[in-house]
Amino acid sequence: MAPQSLVLVSGVSGFVGSHVARALLDAGFAVRGTVRSAAKGAQSAEAFASENFSFVVVPDIGVAGAFDEAVVGVDYVLHTASPFHYNVVDPERDLIIPAVQGTLAILNAVATYGPTVKRVVITSSVAAIRNPTQVVPGYLSELDYNTFAPAEYERLGPATPPNVAYPASKAYAERAAWDFMAKSARHFDLATINPPFIFGPTIHPCSSVNDLNTSVKLIADFYLGNIKETNPLAAFGFVDVRDVARAHVFAMTLPGASGQRFLTSSGPFTHQILVETLQKWYPGREFATGVTTAVPLKEINEKSKKVLLLGEYISLEKSIVDTVESVKERFNIQ
């Protein structure tokens, strides 16, 4: 069967990008992925094993013109490439510039060299929504914007801690995208997916547990006993990567998604819940001790269910277990 359309997926060798590409291929789309090296592209091609997958090398997404050739001839663009890690030396260089300039580079490329593109979907984050001091009205929705992290970054500059610099990067990048769209009429429209912590099985190129993406490595470290004490203040939302992938595909194709943000959250997550789940499924192993004192803000996901037709999200218990089993099988861990 001929593919329905050609979709560009930036960051296709990443945790989210690989699942997005897999969902697209399974739905009958052709995928052109961007990778930082030919070696990563070859690994992704081997993993997908599909004649409908191809890749282009974009060594640095923050460089002007980075995506100019990649967008030519595609029908949709799903921009998943953006750094999420706390190994930060220079917050501007390591997080802010790649997030903002990568977003603007791909939007400029579509505007100039992608006349066939109908819609761009950007992987944003709940970090672009959530203010850490927000307690009233006690929940988060697509109407909220993180103003705290950018303000802290402006105040602290190079001294900004990673856990503030990352949400600042996501807030800056998403604002830049919406501002770009508002400046003049475009031949394409925009939607954003705003997930919290993302768990789930890994299918992207990864050579060791230490190379896992930040959120999956957290679960792996708890399972392996590398973390001895829970963080009493770690209370966030979560979502499974397979639901995030579905959200991208539906946001790309459904008319009602045009110009919308979607908070794609399955429910609350804490270190204590994680440990209790691991104890239930893997009795006999020693896990971290401690209790969670913080209460996660409720993240309203009704819009994603109604507009994107996502239905029920994958539960935290299933997501945790599937993540652990994926890591065990992949790296031959008992």
# chains A, B, ... in the order shown; residues from 1 in each chain; ligands from 1

call {"tool": "residues_around", "arguments": {"residues": "Leu308 (chain A)", "least_positions_apart": "4", "cutoff": "9 Å", "atoms": "only C-alpha atoms", "output": "JSON, numbers by chain"}}
result
{"A": [246, 247, 250, 251, 254, 256, 257, 262, 303, 304]}

call {"tool": "residues_around", "arguments": {"residues": "Arg242 (chain A)", "least_positions_apart": "4", "cutoff": "12 Å", "atoms": "only C-alpha atoms", "output": "JSON, numbers by chain"}}
result
{"A": [15, 16, 17, 18, 19, 20, 21, 22, 23, 24, 195, 198, 199, 200, 201, 202, 203, 246, 247, 248, 249, 264, 266, 310, 313, 314, 315, 318, 319, 322, 323]}

call {"tool": "select_by_dssp", "arguments": {"residues": "region 40-269 of chain A", "states": "alpha helix (DSSP H)", "output": "PyMOL selection string"}}
result
chain A and resi 40-48+91+97-113+148-156+162-183+214-224+241-253

call {"tool": "closest_atom_pairs", "arguments": {"of": "region 180-226 of chain A", "to": "region 119-128 of chain A", "cutoff": "9 Å", "atoms": "only C-alpha atoms", "output": "Markdown table"}}
result
| residue | atom | partner | partner_atom | distance |
| --- | --- | --- | --- | --- |
| A:His187 | CA | A:Arg119 | CA | 8.7 |
| A:Phe188 | CA | A:Arg119 | CA | 5.0 |
| A:Asp189 | CA | A:Arg119 | CA | 4.8 |
| A:Leu190 | CA | A:Val120 | CA | 4.9 |
| A:Ala191 | CA | A:Val121 | CA | 4.8 |
| A:Thr192 | CA | A:Ile122 | CA | 4.7 |
| A:Ile193 | CA | A:Thr123 | CA | 5.0 |
| A:Asn194 | CA | A:Ser125 | CA | 3.9 |
| A:Pro195 | CA | A:Ser125 | CA | 4.9 |
| A:Pro196 | CA | A:Val126 | CA | 5.0 |
| A:Phe197 | CA | A:Val126 | CA | 8.4 |

call {"tool": "atom_distance", "arguments": {"atom1": "CA of Ser5 (chain A)", "atom2": "CA of Ala66 (chain A)"}}
result
22.4 Å

call {"tool": "select_by_dssp", "arguments": {"residues": "region 80-291 of chain A", "states": "strand (DSSP E or B)", "output": "tab-separated table (two decimals) with all heavy atoms, in the first residue's frame"}}
result
chain	number	residue	atom	x	y	z
A	119	ARG	N	0.64	21.13	8.45
A	119	ARG	CA	0.61	21.40	9.89
A	119	ARG	C	1.95	21.02	10.51
A	119	ARG	O	2.60	20.06	10.08
A	119	ARG	CB	-0.51	20.61	10.59
A	119	ARG	CG	-0.59	20.84	12.11
A	119	ARG	CD	-1.85	20.19	12.69
A	119	ARG	NE	-3.05	20.85	12.17
A	119	ARG	CZ	-4.28	20.37	12.29
A	119	ARG	NH1	-4.47	19.21	12.90
A	119	ARG	NH2	-5.30	21.03	11.79
A	120	VAL	N	2.33	21.78	11.52
A	120	VAL	CA	3.50	21.47	12.34
A	120	VAL	C	3.00	21.16	13.75
A	120	VAL	O	2.19	21.90	14.31
A	120	VAL	CB	4.49	22.65	12.39
A	120	VAL	CG1	5.63	22.35	13.36
A	120	VAL	CG2	5.02	22.96	11.00
A	121	VAL	N	3.46	20.05	14.31
A	121	VAL	CA	3.16	19.69	15.69
A	121	VAL	C	4.47	19.70	16.47
A	121	VAL	O	5.43	19.03	16.07
A	121	VAL	CB	2.49	18.31	15.80
A	121	VAL	CG1	2.21	17.96	17.27
A	121	VAL	CG2	1.20	18.27	14.99
A	122	ILE	N	4.52	20.46	17.53
A	122	ILE	CA	5.73	20.60	18.33
A	122	ILE	C	5.57	19.88	19.66
A	122	ILE	O	4.54	20.03	20.33
A	122	ILE	CB	6.07	22.08	18.57
A	122	ILE	CG1	6.45	22.75	17.24
A	122	ILE	CG2	7.19	22.24	19.59
A	122	ILE	CD1	6.72	24.23	17.36
A	123	THR	N	6.57	19.10	20.02
A	123	THR	CA	6.59	18.48	21.34
A	123	THR	C	7.05	19.52	22.34
A	123	THR	O	8.24	19.79	22.49
A	123	THR	CB	7.55	17.28	21.39
A	123	THR	OG1	7.31	16.43	20.27
A	123	THR	CG2	7.36	16.49	22.67
A	139	TYR	N	-4.93	23.26	39.92
A	139	TYR	CA	-4.84	22.36	38.78
A	139	TYR	C	-4.16	23.08	37.62
A	139	TYR	O	-4.02	24.31	37.63
A	139	TYR	CB	-6.22	21.86	38.36
A	139	TYR	CG	-7.18	22.94	37.93
A	139	TYR	CD1	-7.17	23.43	36.62
A	139	TYR	CD2	-8.09	23.48	38.82
A	139	TYR	CE1	-8.04	24.41	36.21
A	139	TYR	CE2	-8.97	24.48	38.42
A	139	TYR	CZ	-8.94	24.94	37.12
A	139	TYR	OH	-9.81	25.93	36.74
A	140	LEU	N	-3.73	22.30	36.66
A	140	LEU	CA	-3.07	22.84	35.48
A	140	LEU	C	-3.91	22.53	34.25
A	140	LEU	O	-4.50	21.46	34.15
A	140	LEU	CB	-1.68	22.22	35.30
A	140	LEU	CG	-0.67	22.42	36.43
A	140	LEU	CD1	0.58	21.61	36.14
A	140	LEU	CD2	-0.33	23.89	36.58
A	189	ASP	N	-0.58	25.36	9.78
A	189	ASP	CA	-0.98	25.70	11.13
A	189	ASP	C	-0.14	24.94	12.15
A	189	ASP	O	0.75	24.15	11.78
A	189	ASP	CB	-2.48	25.51	11.35
A	189	ASP	CG	-2.95	24.09	11.06
A	189	ASP	OD1	-2.11	23.18	10.96
A	189	ASP	OD2	-4.18	23.89	10.92
A	190	LEU	N	-0.41	25.17	13.42
A	190	LEU	CA	0.45	24.68	14.50
A	190	LEU	C	-0.37	24.07	15.62
A	190	LEU	O	-1.48	24.52	15.92
A	190	LEU	CB	1.29	25.83	15.05
A	190	LEU	CG	2.20	25.55	16.26
A	190	LEU	CD1	3.35	24.63	15.86
A	190	LEU	CD2	2.73	26.87	16.84
A	191	ALA	N	0.15	23.03	16.22
A	191	ALA	CA	-0.39	22.47	17.46
A	191	ALA	C	0.79	22.07	18.33
A	191	ALA	O	1.88	21.78	17.82
A	191	ALA	CB	-1.28	21.26	17.18
A	192	THR	N	0.59	22.06	19.64
A	192	THR	CA	1.65	21.59	20.54
A	192	THR	C	1.13	20.50	21.45
A	192	THR	O	-0.05	20.51	21.86
A	192	THR	CB	2.22	22.73	21.41
A	192	THR	OG1	1.22	23.20	22.33
A	192	THR	CG2	2.72	23.88	20.56
A	193	ILE	N	2.01	19.57	21.76
A	193	ILE	CA	1.74	18.50	22.73
A	193	ILE	C	2.55	18.82	23.98
A	193	ILE	O	3.76	19.01	23.90
A	193	ILE	CB	2.14	17.12	22.17
A	193	ILE	CG1	1.42	16.85	20.84
A	193	ILE	CG2	1.84	16.02	23.18
A	193	ILE	CD1	-0.08	16.81	20.95
A	194	ASN	N	1.88	18.88	25.13
A	194	ASN	CA	2.53	19.28	26.38
A	194	ASN	C	2.45	18.17	27.42
A	194	ASN	O	1.59	18.18	28.31
A	194	ASN	CB	1.86	20.55	26.91
A	194	ASN	CG	2.01	21.75	26.01
A	194	ASN	OD1	1.44	21.80	24.92
A	194	ASN	ND2	2.80	22.71	26.44
A	197	PHE	N	6.21	14.12	32.83
A	197	PHE	CA	7.22	13.07	32.76
A	197	PHE	C	6.73	11.94	31.86
A	197	PHE	O	5.59	11.49	31.98
A	197	PHE	CB	7.50	12.51	34.16
A	197	PHE	CG	8.66	13.16	34.85
A	197	PHE	CD1	8.48	14.32	35.59
A	197	PHE	CD2	9.93	12.63	34.75
A	197	PHE	CE1	9.55	14.93	36.23
A	197	PHE	CE2	11.01	13.23	35.38
A	197	PHE	CZ	10.83	14.38	36.12
A	198	ILE	N	7.60	11.48	30.97
A	198	ILE	CA	7.21	10.45	30.01
A	198	ILE	C	7.95	9.16	30.31
A	198	ILE	O	9.18	9.12	30.30
A	198	ILE	CB	7.53	10.89	28.56
A	198	ILE	CG1	6.91	12.26	28.27
A	198	ILE	CG2	7.01	9.86	27.57
A	198	ILE	CD1	7.30	12.82	26.92
A	199	PHE	N	7.19	8.10	30.55
A	199	PHE	CA	7.76	6.77	30.79
A	199	PHE	C	7.33	5.84	29.67
A	199	PHE	O	6.64	6.24	28.74
A	199	PHE	CB	7.29	6.23	32.14
A	199	PHE	CG	7.59	7.13	33.30
A	199	PHE	CD1	6.61	7.45	34.24
A	199	PHE	CD2	8.85	7.66	33.47
A	199	PHE	CE1	6.89	8.29	35.31
A	199	PHE	CE2	9.15	8.50	34.54
A	199	PHE	CZ	8.16	8.81	35.47
A	229	GLU	N	17.01	6.80	48.64
A	229	GLU	CA	15.99	7.57	49.34
A	229	GLU	C	15.10	8.29	48.32
A	229	GLU	O	15.60	8.87	47.35
A	229	GLU	CB	16.63	8.61	50.26
A	229	GLU	CG	17.41	8.02	51.42
A	229	GLU	CD	16.50	7.46	52.50
A	229	GLU	OE1	15.33	7.90	52.58
A	229	GLU	OE2	16.96	6.58	53.25
A	235	ALA	N	6.66	15.20	43.09
A	235	ALA	CA	5.24	14.91	42.85
A	235	ALA	C	4.82	15.63	41.58
A	235	ALA	O	4.70	16.86	41.57
A	235	ALA	CB	4.39	15.38	44.04
A	236	PHE	N	4.65	14.87	40.52
A	236	PHE	CA	4.40	15.45	39.21
A	236	PHE	C	3.30	14.66	38.50
A	236	PHE	O	2.73	13.72	39.05
A	236	PHE	CB	5.68	15.43	38.36
A	236	PHE	CG	6.87	16.03	39.05
A	236	PHE	CD1	7.85	15.22	39.62
A	236	PHE	CD2	7.01	17.40	39.14
A	236	PHE	CE1	8.94	15.78	40.26
A	236	PHE	CE2	8.11	17.96	39.77
A	236	PHE	CZ	9.07	17.15	40.34
A	237	GLY	N	3.08	15.02	37.25
A	237	GLY	CA	2.24	14.21	36.39
A	237	GLY	C	3.10	13.29	35.55
A	237	GLY	O	4.33	13.44	35.48
A	238	PHE	N	2.48	12.32	34.90
A	238	PHE	CA	3.21	11.41	34.02
A	238	PHE	C	2.32	11.07	32.84
A	238	PHE	O	1.09	11.25	32.86
A	238	PHE	CB	3.60	10.11	34.76
A	238	PHE	CG	2.60	9.01	34.55
A	238	PHE	CD1	2.78	8.05	33.56
A	238	PHE	CD2	1.41	8.99	35.29
A	238	PHE	CE1	1.82	7.08	33.34
A	238	PHE	CE2	0.46	8.02	35.07
A	238	PHE	CZ	0.66	7.06	34.09
A	239	VAL	N	2.95	10.50	31.81
A	239	VAL	CA	2.23	9.95	30.67
A	239	VAL	C	3.12	8.90	30.03
A	239	VAL	O	4.34	8.97	30.13
A	239	VAL	CB	1.85	11.06	29.65
A	239	VAL	CG1	3.10	11.65	29.01
A	239	VAL	CG2	0.90	10.54	28.59
A	240	ASP	N	2.49	7.91	29.42
A	240	ASP	CA	3.26	6.88	28.73
A	240	ASP	C	3.61	7.37	27.33
A	240	ASP	O	2.82	8.04	26.65
A	240	ASP	CB	2.45	5.58	28.64
A	240	ASP	CG	3.27	4.41	28.13
A	240	ASP	OD1	3.40	4.26	26.90
A	240	ASP	OD2	3.80	3.64	28.96
A	261	ARG	N	-3.09	23.83	22.06
A	261	ARG	CA	-2.15	23.15	22.95
A	261	ARG	C	-2.89	21.97	23.58
A	261	ARG	O	-4.09	22.07	23.87
A	261	ARG	CB	-1.67	24.05	24.09
A	261	ARG	CG	-1.21	25.40	23.71
A	261	ARG	CD	-1.03	26.28	24.94
A	261	ARG	NE	0.26	26.09	25.60
A	261	ARG	CZ	0.52	26.41	26.86
A	261	ARG	NH1	-0.46	26.87	27.64
A	261	ARG	NH2	1.71	26.24	27.37
A	262	PHE	N	-2.14	20.88	23.85
A	262	PHE	CA	-2.78	19.71	24.46
A	262	PHE	C	-1.93	19.21	25.63
A	262	PHE	O	-0.81	18.74	25.44
A	262	PHE	CB	-2.96	18.60	23.43
A	262	PHE	CG	-3.94	18.96	22.35
A	262	PHE	CD1	-3.48	19.44	21.12
A	262	PHE	CD2	-5.29	18.86	22.55
A	262	PHE	CE1	-4.36	19.79	20.12
A	262	PHE	CE2	-6.19	19.21	21.55
A	262	PHE	CZ	-5.72	19.67	20.33
A	263	LEU	N	-2.49	19.33	26.83
A	263	LEU	CA	-1.84	18.80	28.01
A	263	LEU	C	-2.15	17.30	28.05
A	263	LEU	O	-3.28	16.90	28.32
A	263	LEU	CB	-2.37	19.50	29.27
A	263	LEU	CG	-1.51	19.43	30.53
A	263	LEU	CD1	-2.05	20.38	31.59
A	263	LEU	CD2	-1.42	18.03	31.09
A	267	GLY	N	-1.96	11.09	34.74
A	267	GLY	CA	-2.29	11.16	36.15
A	267	GLY	C	-1.07	11.49	36.99
A	267	GLY	O	-0.01	11.82	36.46
A	268	PRO	N	-1.20	11.37	38.32
A	268	PRO	CA	-0.10	11.76	39.20
A	268	PRO	C	1.00	10.72	39.29
A	268	PRO	O	0.77	9.52	39.12
A	268	PRO	CB	-0.80	11.93	40.55
A	268	PRO	CG	-1.95	10.98	40.49
A	268	PRO	CD	-2.41	11.00	39.06
A	269	PHE	N	2.20	11.21	39.58
A	269	PHE	CA	3.37	10.36	39.78
A	269	PHE	C	4.17	10.91	40.95
A	269	PHE	O	4.40	12.11	41.05
A	269	PHE	CB	4.24	10.33	38.53
A	269	PHE	CG	5.64	9.83	38.78
A	269	PHE	CD1	5.88	8.47	38.87
A	269	PHE	CD2	6.70	10.71	38.95
A	269	PHE	CE1	7.16	7.99	39.13
A	269	PHE	CE2	7.98	10.24	39.20
A	269	PHE	CZ	8.21	8.89	39.29
A	270	THR	N	4.58	9.99	41.85
A	270	THR	CA	5.51	10.35	42.92
A	270	THR	C	6.53	9.23	43.07
A	270	THR	O	6.31	8.11	42.62
A	270	THR	CB	4.79	10.54	44.28
A	270	THR	OG1	4.30	9.26	44.74
A	270	THR	CG2	3.63	11.52	44.18
A	289	THR	N	13.71	3.92	50.27
A	289	THR	CA	12.79	4.17	51.37
A	289	THR	C	12.41	5.65	51.38
A	289	THR	O	13.07	6.49	50.77
A	289	THR	CB	13.42	3.80	52.72
A	289	THR	OG1	14.62	4.56	52.91
A	289	THR	CG2	13.76	2.32	52.76

call {"tool": "closest_residue", "arguments": {"among": "A:Pro91, A:Asp211, A:Thr253, A:Ala109", "to": "Val7 (chain A)", "atoms": "only C-alpha atoms"}}
result
A:Thr253
